[in-house]
Amino acid sequence: MAKLAYAVAKDPTSAQERDWYIATALAVRDRVVDGWAESYRHTNDTQNKRVYYMSLEFLIGRLLFDSLTNLGIVEEMRQALASLGVDLDRLRTVEPDAALGNGGLGRLAACFMESMATLAVPAYGYGIRYENGLFRQGIKDGWQQEYPENWLTNGNPWEFERPEITYDVGFGGTVDITYGPDGAATYRWHPAERVSAVAYDTPVVGWRCRHVNTLRLWAARAVDPLRLDAFNAGDYVGALADRVRAESISKVLYPSDATPAGQELRLRQEFFFASASLQDLVRRHIKQYGPVEMLAEKAAIQLNDTHPAIGVVELMRILVDLHDVPWAKAWDITQATFGYTNHTLLPEALETWPVHLMERLLPRHMQIIYLINAVHLDGLRAKGNSDPALLSSVSLIEESWGRQRVRMGTLAFVGAHRVNGVSALHSELMKETVFRDLHAIFPEKINNKTNGITFRRWLYEANPGLTKVLVDTLGPRVLDDPEELLGLEKFASDTEFQAKLKAVRRKNKEALSKVFQHRLGFPVDPDALFDVQIKRIHEYKRQHLNLLETVALYNAIRADPGRNWTPRVKIFAGKAAASYHTAKLIIKLANDIARVVNSDPTVRGILKVGFLQNYNVSLAEQIIPAADLSEQISTAGLEASGTGNMKLALNGALTIGTLDGANVEINERVGEDNIFIFGLTAEEVEARRRNGYNARDVIASSPKLSEVFASIESGVFSPDDTSRYRGFIEMLSNHDHFLVTADFDAYYAAQRQVDAHWQNGAAWWRSSILNTARVGWFSSDRTIREYARDIWNVPVQTT
Ligand code: F58
């Protein structure tokens with residue numbers, strides 16, 4: 001009440017829901033801030049090593065329930081608000097999603113921040129405070145539309161602006177060399193342009209409020225926001241031009257997943273946040289510990305993919321040019337400080353920057369890159385590696401057709417003491433593919449850190465019904481130690497226990513049915529099997545394989561409607577990169593199929609299809625607890641890990657999937673009777689491609705697939721434009737790069753096994769329980785413990 005009156009300046013009679021939300025968030029924030037100050041003091045007193053997690057993306061979602069849950073005051077707050085006539089669950093939906101990320105990589109960063117706080121690892125997350133998060137997706141006539149997502153319009157109660165924490169970040173200009181009396185050269189960079197980075201801090205509270213860390217996001221401001229000379233001369237527009245240019249750096253998140261956006265603004269974003277963050281952490285280090293030579297003992301910096309890799313070069317510049325550390329010593333410090341996480345093997349996704357662009361934007365950094373490369377290659381030659389092909393493959397500079405580019409993956413690899421993949425399979429493939437030559441030279445660098453998810457958000461907050469059953473059955477310890485979930489195994493066949501879980505799932509499905517009603521105008525049957533594929537839309541993730549199977553199933557039901565079919569709802573959600581035409585066409589296909597299937601009385605009560613628009617963290621929190629079947633069907637070898645697979649399995653969905661990414665490890669843990677694995681393995685995919693895969697023969701030999709292709713191609717699902725999918729079908733028939741056709745029959749067969757398993761209710765629920773019981777290992781607490789032990793060398797608190 002006090003917050004509403006004094007911080008929002010509203011009284012209860014005039015307060016809108018949004019006012020109540022802000023007042024509630026501010027009241028909760030006060031509690032968080034107490035823990036924050038305490039954690040800060042503790043780290044300073046103990047002089048513990050800090051972790052700096054550098055990421056261009058943090059896909060945070062909403063924070064109100066995160067804070068309430070971790071403070072342990074959800075019920076207290078619910079009652080306090082109820083006594084004022086306010087419904088906490090309604091307030092929850094008022095908060096906009098902070099969508100400062102594209103997909104898995106950004107969400108992983110958010111889960112890691114929460115786990116680091118939970119394990120009391122003193123840490124800062126560093127990133128950019130984008131004014132516009134990932135675009136809002138609308139669907140018009142079945143096509144994706146992109147709209148801006150200005151999540152800050154109504155203010156953000158969780159952040160603190162820190163105008164006093166501001167750094168200048170330079171771009172362009174020249175480099176001066178001066179020679180000392182001993183002939184040693186000193187380099188000074190004189191940037192032509194400067195932009196200010198202003199800190200905005202958000203506290204990240206750990207489970208049971210054990211520790212609170214900081215997410216520090218940088219906003220770009222002009223150093224001289226209004227050029228007074230120009231302004232006074234009457235040139236108002238000119239006076240503001242610099243400001244607009246400077247501030248454009250933190251205006252918008254690049255909305256491309258899987259392939260990097262190679263524009264200049266992107267490189268400016270990368271350097272902007274890397275430089276501000278390094279200046280900040282070096283300043284903190286010197287203030288607290290003195291000699292910069294000790295940096296690696298007191299700081300571990302983790303690069304979330306190559307996006308912050310220019311930081312390796314910026315740290316070298318800070319050490320060598322600004323602190324006069326000798327080159328070799330500076331390089332040792334840099335390597336000992338940095339770790340690098342790789343998230344993809346797709347060759348087109350590995351970042352490179354044109355040398356001429358680097359030279360123009362970051363002239364001193366380009367010189368340093370050349371020097372790092374020279375020392376790196378000389379070292380190899382000294383060890384007897386003289387093969388020019390090898391040297392050019394591990395060089396920081398890629399040369400093709402006379403054009404030179406800087407390889408950011410190689411820079412991150414050589415600049416870090418540890419390089420990790422995000423699942424066991426992915427880490428092995430890294431050694432065999434993209435980093436084969438570097439791995440042969442530095443065999444100790446690559447290690448695996450299988451991803452994890454925070455159970456606080458993805459179980460306790462998203463699925464309170466299931467959480468309650470778990471606590472009632474296993475005791476409250478399960479909330480602190482996910483391995484306790486194994487205790488469920490003994491209830492797997494218990495009819496009473498199964499009934500409890502069924503009731504929880506049914507409620508969650510009813511709630512999701514309301515979402516369908518609200519968004520798509522029709523409800524779905526909570527007794528049907530909810531079959532869910534939710535993730536970014538990408539050919540390698542193969543939403544179209546699922547759609548082809550949907551059409552095949554539709555055809556089969558129509559041919560024999562009286563059979564004992566398993567009623568299904570096929571649920572899709574996900575965004576496509578705005579410029580990715582095939583991905584957008586896949587969304588249109590999903591909607592076209594949905595329209596035809598949902599209006600066909602023959603399949604009524606048996607099959608429904610729905611594409612839910614604007615997939616984000618909050619929608620995921622609604623879908624996942626209601627899912628029965630989790631689609632993880634990427635072409636083997638291409639999904640680095642996946643984390644949605646873990647969220648769905650934890651909430652009791654059974655996986656249908658390929659042996660890809662973390663599915664392999666999920667399979668090992670839940671057991672092959674409780675998962676539906678199908679399709680080519682990564683090795684088989686490789687072999688098929690090597691031998692020249694011929695889709696036409698495969699299609700011809702599959703009557704089902706032939707029928708599906710014929711119906712889509714002829715316009716059954718696109719009567720308004722019968723040629724819409726001609727090119728798409730032709731592509732799948734001639735260049736089926738992702739081997740959709742090769743896996744189709746196996747996938748169809750696996751889906752029929754799903755039907756059979758579902759019809760034997762007790763067997764299905766047994767599998768579901770065993771999934772929840774056996775995936776405790778995929779907690780991001782476990783992942784962070786491994787990073788802390790093997791890469792960062794920092795202690796963690798035991799829970
Ligand atoms: C994802 N990568 C992987 N990249 O695809 C997924 O398998 C993995 O589980 C996850 O990382 C976490 O390790 C991913 O999300 C991006 O979104 C980048 C955004 C910026 C451009 C390049 C891709």
# chains A, B, ... in the order shown; residues from 1 in each chain; ligands from 1
call {"tool": "select_by_dssp", "arguments": {"residues": "segment 139-254 of chain A", "states": "helix (DSSP H, G or I)", "output": "JSON, numbers by chain"}}
result
{"A": [207, 208, 209, 228, 229, 230, 231, 232, 236, 237, 238, 239, 240, 241, 242, 243, 244, 245, 246, 247, 248, 249, 250]}
call {"tool": "residues_near_ligand", "arguments": {"ligand": "ligand 1", "cutoff": "6 Å", "atoms": "only C-alpha atoms and all ligand atoms", "output": "ChimeraX atom specification"}}
result
/A:102-105,108,256-260,343-344,422,639-643
call {"tool": "residues_around", "arguments": {"residues": "segment 755-762 of chain A", "least_positions_apart": "4", "cutoff": "12 Å", "atoms": "only C-alpha atoms", "output": "JSON, numbers by chain"}}
result
{"A": [491, 492, 493, 494, 495, 496, 497, 498, 499, 501, 502, 527, 528, 529, 530, 531, 553, 564, 565, 566, 567, 568, 606, 628, 629, 653, 654, 656, 673, 674, 675, 676, 748, 749, 750, 751, 766, 767, 768, 769]}
call {"tool": "write_last_selection", "arguments": {"atoms": "C-alpha atoms", "output": "compact mmCIF listing (two decimals), in the first residue's frame"}}
result
# COMPACT_ATOMS: atom_id res chain seq x y z
CA PHE A 491 5.88 -44.72 -7.36
CA ALA A 492 6.07 -45.08 -11.12
CA SER A 493 3.49 -47.88 -11.30
CA ASP A 494 1.46 -46.77 -8.29
CA THR A 495 -2.10 -46.18 -9.54
CA GLU A 496 -2.93 -43.66 -6.87
CA PHE A 497 0.17 -41.64 -7.55
CA GLN A 498 -0.46 -41.80 -11.28
CA ALA A 499 -3.95 -40.47 -10.68
CA LEU A 501 -0.23 -36.59 -11.64
CA LYS A 502 -2.98 -37.10 -14.18
CA ASP A 527 -8.21 -35.61 -22.90
CA ALA A 528 -6.35 -35.64 -26.19
CA LEU A 529 -2.59 -36.18 -26.38
CA PHE A 530 -0.90 -32.74 -26.44
CA ASP A 531 1.96 -33.04 -28.90
CA LEU A 553 -1.91 -38.87 -40.16
CA ASN A 564 -9.32 -46.61 -32.70
CA TRP A 565 -7.26 -43.41 -33.21
CA THR A 566 -5.45 -41.62 -30.43
CA PRO A 567 -6.90 -38.11 -30.25
CA ARG A 568 -4.11 -35.57 -30.68
CA ILE A 606 -9.29 -36.97 -33.39
CA ASP A 628 2.33 -34.93 -23.13
CA LEU A 629 4.76 -35.35 -26.00
CA ALA A 653 6.33 -35.12 -21.25
CA LEU A 654 7.75 -38.09 -23.17
CA ILE A 656 10.04 -38.26 -29.50
CA ASP A 673 11.44 -47.73 -22.77
CA ASN A 674 10.43 -44.22 -21.77
CA ILE A 675 11.42 -42.27 -24.87
CA PHE A 676 10.79 -42.64 -28.61
CA TYR A 748 5.84 -41.95 -38.73
CA ALA A 749 6.40 -45.38 -37.21
CA ALA A 750 7.67 -43.87 -33.95
CA GLN A 751 4.52 -41.72 -33.76
CA ARG A 766 4.79 -44.86 -15.67
CA SER A 767 7.07 -43.51 -18.38
CA SER A 768 6.05 -39.96 -17.60
CA ILE A 769 6.88 -40.38 -13.91
call {"tool": "atom_distance", "arguments": {"atom1": "atom CA of Ala15 of chain A", "atom2": "atom CA of Ala2 of chain A"}}
result
12.8 Å
call {"tool": "atom_distance", "arguments": {"atom1": "atom CA of Arg774 of chain A", "atom2": "atom CA of Leu485 of chain A"}}
result
6.9 Å
call {"tool": "closest_residue", "arguments": {"among": "A:Ala309, A:Ala583, A:Ala573, A:Met316", "to": "Thr410 of chain A", "atoms": "only C-alpha atoms"}}
result
A:Ala309
call {"tool": "atom_distance", "arguments": {"atom1": "atom CA of Pro157 of chain A", "atom2": "atom CA of Asn213 of chain A"}}
result
16.8 Å
call {"tool": "residues_around", "arguments": {"residues": "Ala788 of chain A", "least_positions_apart": "3", "cutoff": "10 Å", "atoms": "only C-alpha atoms", "output": "NGL selection string"}}
result
:A and (51 or 116 or 119 or 121 or 300 or 782-785 or 791-796)
call {"tool": "closest_residue", "arguments": {"among": "A:Tyr370, A:Phe717, A:Leu680, A:Ile557", "to": "Ala594 of chain A", "atoms": "only C-alpha atoms"}}
result
A:Phe717
call {"tool": "residues_around", "arguments": {"residues": "segment 321-334 of chain A", "least_positions_apart": "3", "cutoff": "7 Å", "atoms": "only C-alpha atoms", "output": "PyMOL selection string"}}
result
chain A and resi 186-188+293+295-296+312+315-318+337-338+415
call {"tool": "residues_around", "arguments": {"residues": "Tyr540 of chain A", "least_positions_apart": "2", "cutoff": "8 Å", "atoms": "only C-alpha atoms", "output": "list in words"}}
result
His538, Arg542, Ser634, Thr635, Leu638, Glu639 and Phe738 of chain A
call {"tool": "write_last_selection", "arguments": {"atoms": "all heavy atoms", "output": "PDB file, in the first residue's frame"}}
result
ATOM      1  N   HIS A 538      13.343 -23.421 -37.677  1.00  0.00           N
ATOM      2  CA  HIS A 538      14.560 -23.562 -38.481  1.00  0.00           C
ATOM      3  C   HIS A 538      14.504 -24.886 -39.218  1.00  0.00           C
ATOM      4  O   HIS A 538      13.970 -25.871 -38.684  1.00  0.00           O
ATOM      5  CB  HIS A 538      15.793 -23.509 -37.573  1.00  0.00           C
ATOM      6  CG  HIS A 538      17.019 -23.050 -38.294  1.00  0.00           C
ATOM      7  ND1 HIS A 538      17.634 -23.827 -39.253  1.00  0.00           N
ATOM      8  CD2 HIS A 538      17.720 -21.903 -38.230  1.00  0.00           C
ATOM      9  CE1 HIS A 538      18.674 -23.161 -39.735  1.00  0.00           C
ATOM     10  NE2 HIS A 538      18.750 -21.996 -39.136  1.00  0.00           N
ATOM     11  N   ARG A 542      13.475 -28.992 -38.051  1.00  0.00           N
ATOM     12  CA  ARG A 542      12.542 -29.818 -38.809  1.00  0.00           C
ATOM     13  C   ARG A 542      11.089 -29.782 -38.330  1.00  0.00           C
ATOM     14  O   ARG A 542      10.442 -30.832 -38.219  1.00  0.00           O
ATOM     15  CB  ARG A 542      13.069 -31.262 -38.862  1.00  0.00           C
ATOM     16  CG  ARG A 542      14.449 -31.340 -39.497  1.00  0.00           C
ATOM     17  CD  ARG A 542      14.773 -32.718 -40.005  1.00  0.00           C
ATOM     18  NE  ARG A 542      14.878 -33.725 -38.966  1.00  0.00           N
ATOM     19  CZ  ARG A 542      15.342 -34.959 -39.162  1.00  0.00           C
ATOM     20  NH1 ARG A 542      15.740 -35.336 -40.371  1.00  0.00           N
ATOM     21  NH2 ARG A 542      15.411 -35.834 -38.177  1.00  0.00           N
ATOM     22  N   SER A 634      15.411 -32.722 -34.548  1.00  0.00           N
ATOM     23  CA  SER A 634      16.427 -32.131 -35.423  1.00  0.00           C
ATOM     24  C   SER A 634      17.222 -33.199 -36.181  1.00  0.00           C
ATOM     25  O   SER A 634      17.320 -34.347 -35.733  1.00  0.00           O
ATOM     26  CB  SER A 634      17.390 -31.316 -34.564  1.00  0.00           C
ATOM     27  OG  SER A 634      17.833 -32.107 -33.476  1.00  0.00           O
ATOM     28  N   THR A 635      17.796 -32.801 -37.294  1.00  0.00           N
ATOM     29  CA  THR A 635      18.710 -33.680 -38.024  1.00  0.00           C
ATOM     30  C   THR A 635      19.892 -33.988 -37.112  1.00  0.00           C
ATOM     31  O   THR A 635      20.535 -33.060 -36.599  1.00  0.00           O
ATOM     32  CB  THR A 635      19.253 -32.973 -39.280  1.00  0.00           C
ATOM     33  OG1 THR A 635      18.165 -32.335 -39.948  1.00  0.00           O
ATOM     34  CG2 THR A 635      19.960 -33.944 -40.204  1.00  0.00           C
ATOM     35  N   LEU A 638      23.082 -31.687 -35.547  1.00  0.00           N
ATOM     36  CA  LEU A 638      22.939 -30.246 -35.773  1.00  0.00           C
ATOM     37  C   LEU A 638      22.424 -29.441 -34.577  1.00  0.00           C
ATOM     38  O   LEU A 638      22.681 -28.248 -34.479  1.00  0.00           O
ATOM     39  CB  LEU A 638      22.036 -29.989 -36.984  1.00  0.00           C
ATOM     40  CG  LEU A 638      22.601 -30.533 -38.309  1.00  0.00           C
ATOM     41  CD1 LEU A 638      21.696 -30.146 -39.472  1.00  0.00           C
ATOM     42  CD2 LEU A 638      24.015 -30.029 -38.569  1.00  0.00           C
ATOM     43  N   GLU A 639      21.706 -30.057 -33.665  1.00  0.00           N
ATOM     44  CA  GLU A 639      21.241 -29.323 -32.479  1.00  0.00           C
ATOM     45  C   GLU A 639      22.319 -29.485 -31.413  1.00  0.00           C
ATOM     46  O   GLU A 639      22.536 -30.595 -30.907  1.00  0.00           O
ATOM     47  CB  GLU A 639      19.911 -29.893 -31.993  1.00  0.00           C
ATOM     48  CG  GLU A 639      19.255 -29.101 -30.872  1.00  0.00           C
ATOM     49  CD  GLU A 639      18.731 -27.741 -31.345  1.00  0.00           C
ATOM     50  OE1 GLU A 639      19.521 -26.771 -31.298  1.00  0.00           O
ATOM     51  OE2 GLU A 639      17.560 -27.668 -31.765  1.00  0.00           O
ATOM     52  N   PHE A 738      18.496 -31.391 -44.951  1.00  0.00           N
ATOM     53  CA  PHE A 738      18.291 -31.784 -43.551  1.00  0.00           C
ATOM     54  C   PHE A 738      17.676 -33.176 -43.400  1.00  0.00           C
ATOM     55  O   PHE A 738      17.255 -33.561 -42.307  1.00  0.00           O
ATOM     56  CB  PHE A 738      17.485 -30.697 -42.825  1.00  0.00           C
ATOM     57  CG  PHE A 738      18.241 -29.388 -42.801  1.00  0.00           C
ATOM     58  CD1 PHE A 738      17.940 -28.375 -43.699  1.00  0.00           C
ATOM     59  CD2 PHE A 738      19.299 -29.197 -41.935  1.00  0.00           C
ATOM     60  CE1 PHE A 738      18.669 -27.188 -43.712  1.00  0.00           C
ATOM     61  CE2 PHE A 738      20.037 -28.021 -41.935  1.00  0.00           C
ATOM     62  CZ  PHE A 738      19.726 -27.014 -42.824  1.00  0.00           C
TER      63      PHE A 738
END
call {"tool": "select_by_dssp", "arguments": {"residues": "segment 311-447 of chain A", "states": "strand (DSSP E)", "output": "list in words"}}
result
Phe338, Gly339, Tyr340, Thr341, Thr352, Trp353, Pro354, Ile397, Glu398, Glu399, Ser400, Arg403, Gln404, Arg405, Val406, Arg407, Arg418, Val419, Asn420, Gly421, Ile446 and Asn447 of chain A
call {"tool": "write_last_selection", "arguments": {"atoms": "C-alpha atoms", "output": "PDB file, in the first residue's frame"}}
result
ATOM      1  CA  PHE A 338      38.862 -16.428 -20.463  1.00  0.00           C
ATOM      2  CA  GLY A 339      36.731 -19.477 -21.128  1.00  0.00           C
ATOM      3  CA  TYR A 340      34.717 -19.900 -24.321  1.00  0.00           C
ATOM      4  CA  THR A 341      31.439 -21.766 -24.859  1.00  0.00           C
ATOM      5  CA  THR A 352      33.853 -13.846 -39.132  1.00  0.00           C
ATOM      6  CA  TRP A 353      34.450 -10.137 -39.725  1.00  0.00           C
ATOM      7  CA  PRO A 354      36.006  -8.518 -42.801  1.00  0.00           C
ATOM      8  CA  ILE A 397      42.670 -14.784 -40.605  1.00  0.00           C
ATOM      9  CA  GLU A 398      40.683 -16.579 -43.241  1.00  0.00           C
ATOM     10  CA  GLU A 399      41.670 -15.859 -46.807  1.00  0.00           C
ATOM     11  CA  SER A 400      39.377 -16.714 -49.635  1.00  0.00           C
ATOM     12  CA  ARG A 403      39.250 -11.403 -49.204  1.00  0.00           C
ATOM     13  CA  GLN A 404      40.387 -11.545 -45.631  1.00  0.00           C
ATOM     14  CA  ARG A 405      38.203 -12.092 -42.614  1.00  0.00           C
ATOM     15  CA  VAL A 406      38.878 -12.454 -38.885  1.00  0.00           C
ATOM     16  CA  ARG A 407      37.686 -15.791 -37.505  1.00  0.00           C
ATOM     17  CA  ARG A 418      39.072 -23.870 -21.794  1.00  0.00           C
ATOM     18  CA  VAL A 419      36.643 -24.280 -24.667  1.00  0.00           C
ATOM     19  CA  ASN A 420      33.412 -26.142 -24.094  1.00  0.00           C
ATOM     20  CA  GLY A 421      30.539 -27.630 -26.016  1.00  0.00           C
ATOM     21  CA  ILE A 446      37.934 -28.772 -25.368  1.00  0.00           C
ATOM     22  CA  ASN A 447      35.705 -30.100 -22.623  1.00  0.00           C
TER      23      ASN A 447
END
call {"tool": "closest_residue", "arguments": {"among": "A:Ala274, A:Ile633, A:Ala578, A:Cys111", "to": "Gly61 of chain A", "atoms": "only C-alpha atoms"}}
result
A:Cys111
call {"tool": "closest_residue", "arguments": {"among": "A:Leu479, A:Ala636, A:Val740, A:Leu459", "to": "Leu545 of chain A", "atoms": "only C-alpha atoms"}}
result
A:Val740
call {"tool": "closest_atom_pairs", "arguments": {"of": "segment 214-277 of chain A", "to": "segment 85-100 of chain A", "cutoff": "12 Å", "atoms": "only C-alpha atoms", "output": "JSON lines"}}
result
{"residue": "A:Leu217", "atom": "CA", "partner": "A:Leu100", "partner_atom": "CA", "distance": 10.5}
{"residue": "A:Ser250", "atom": "CA", "partner": "A:Leu100", "partner_atom": "CA", "distance": 11.0}
{"residue": "A:Lys251", "atom": "CA", "partner": "A:Leu100", "partner_atom": "CA", "distance": 11.3}
{"residue": "A:Val252", "atom": "CA", "partner": "A:Leu100", "partner_atom": "CA", "distance": 9.0}
{"residue": "A:Leu253", "atom": "CA", "partner": "A:Leu100", "partner_atom": "CA", "distance": 6.7}
{"residue": "A:Tyr254", "atom": "CA", "partner": "A:Leu100", "partner_atom": "CA", "distance": 9.6}
{"residue": "A:Pro255", "atom": "CA", "partner": "A:Leu100", "partner_atom": "CA", "distance": 9.8}
call {"tool": "decode", "arguments": {"residues": "segment 613-643 of chain A", "atoms": "C-alpha atoms", "output": "PDB file, in the first residue's frame"}}
result
ATOM      1  CA  GLN A 613       1.729 -16.930 -31.994  1.00  0.00           C
ATOM      2  CA  ASN A 614       4.467 -14.941 -30.296  1.00  0.00           C
ATOM      3  CA  TYR A 615       6.345 -17.728 -28.548  1.00  0.00           C
ATOM      4  CA  ASN A 616       8.297 -16.355 -25.609  1.00  0.00           C
ATOM      5  CA  VAL A 617       9.369 -17.403 -22.124  1.00  0.00           C
ATOM      6  CA  SER A 618       5.924 -16.748 -20.643  1.00  0.00           C
ATOM      7  CA  LEU A 619       4.105 -18.754 -23.309  1.00  0.00           C
ATOM      8  CA  ALA A 620       6.615 -21.582 -22.792  1.00  0.00           C
ATOM      9  CA  GLU A 621       5.702 -21.541 -19.089  1.00  0.00           C
ATOM     10  CA  GLN A 622       2.071 -22.154 -20.059  1.00  0.00           C
ATOM     11  CA  ILE A 623       2.650 -24.822 -22.702  1.00  0.00           C
ATOM     12  CA  ILE A 624       5.329 -26.974 -21.061  1.00  0.00           C
ATOM     13  CA  PRO A 625       3.326 -28.105 -17.973  1.00  0.00           C
ATOM     14  CA  ALA A 626       0.483 -29.144 -20.314  1.00  0.00           C
ATOM     15  CA  ALA A 627       2.580 -31.167 -22.753  1.00  0.00           C
ATOM     16  CA  ASP A 628       2.328 -34.933 -23.131  1.00  0.00           C
ATOM     17  CA  LEU A 629       4.759 -35.350 -26.003  1.00  0.00           C
ATOM     18  CA  SER A 630       7.942 -33.337 -26.644  1.00  0.00           C
ATOM     19  CA  GLU A 631       9.149 -33.059 -30.250  1.00  0.00           C
ATOM     20  CA  GLN A 632      12.970 -32.968 -30.458  1.00  0.00           C
ATOM     21  CA  ILE A 633      13.431 -34.047 -34.042  1.00  0.00           C
ATOM     22  CA  SER A 634      16.427 -32.131 -35.423  1.00  0.00           C
ATOM     23  CA  THR A 635      18.710 -33.680 -38.024  1.00  0.00           C
ATOM     24  CA  ALA A 636      21.219 -35.611 -35.914  1.00  0.00           C
ATOM     25  CA  GLY A 637      24.450 -33.707 -35.388  1.00  0.00           C
ATOM     26  CA  LEU A 638      22.939 -30.246 -35.773  1.00  0.00           C
ATOM     27  CA  GLU A 639      21.241 -29.323 -32.479  1.00  0.00           C
ATOM     28  CA  ALA A 640      24.108 -28.517 -30.150  1.00  0.00           C
ATOM     29  CA  SER A 641      22.129 -29.417 -27.045  1.00  0.00           C
ATOM     30  CA  GLY A 642      18.579 -28.166 -26.796  1.00  0.00           C
ATOM     31  CA  THR A 643      17.164 -27.129 -23.427  1.00  0.00           C
TER      32      THR A 643
END
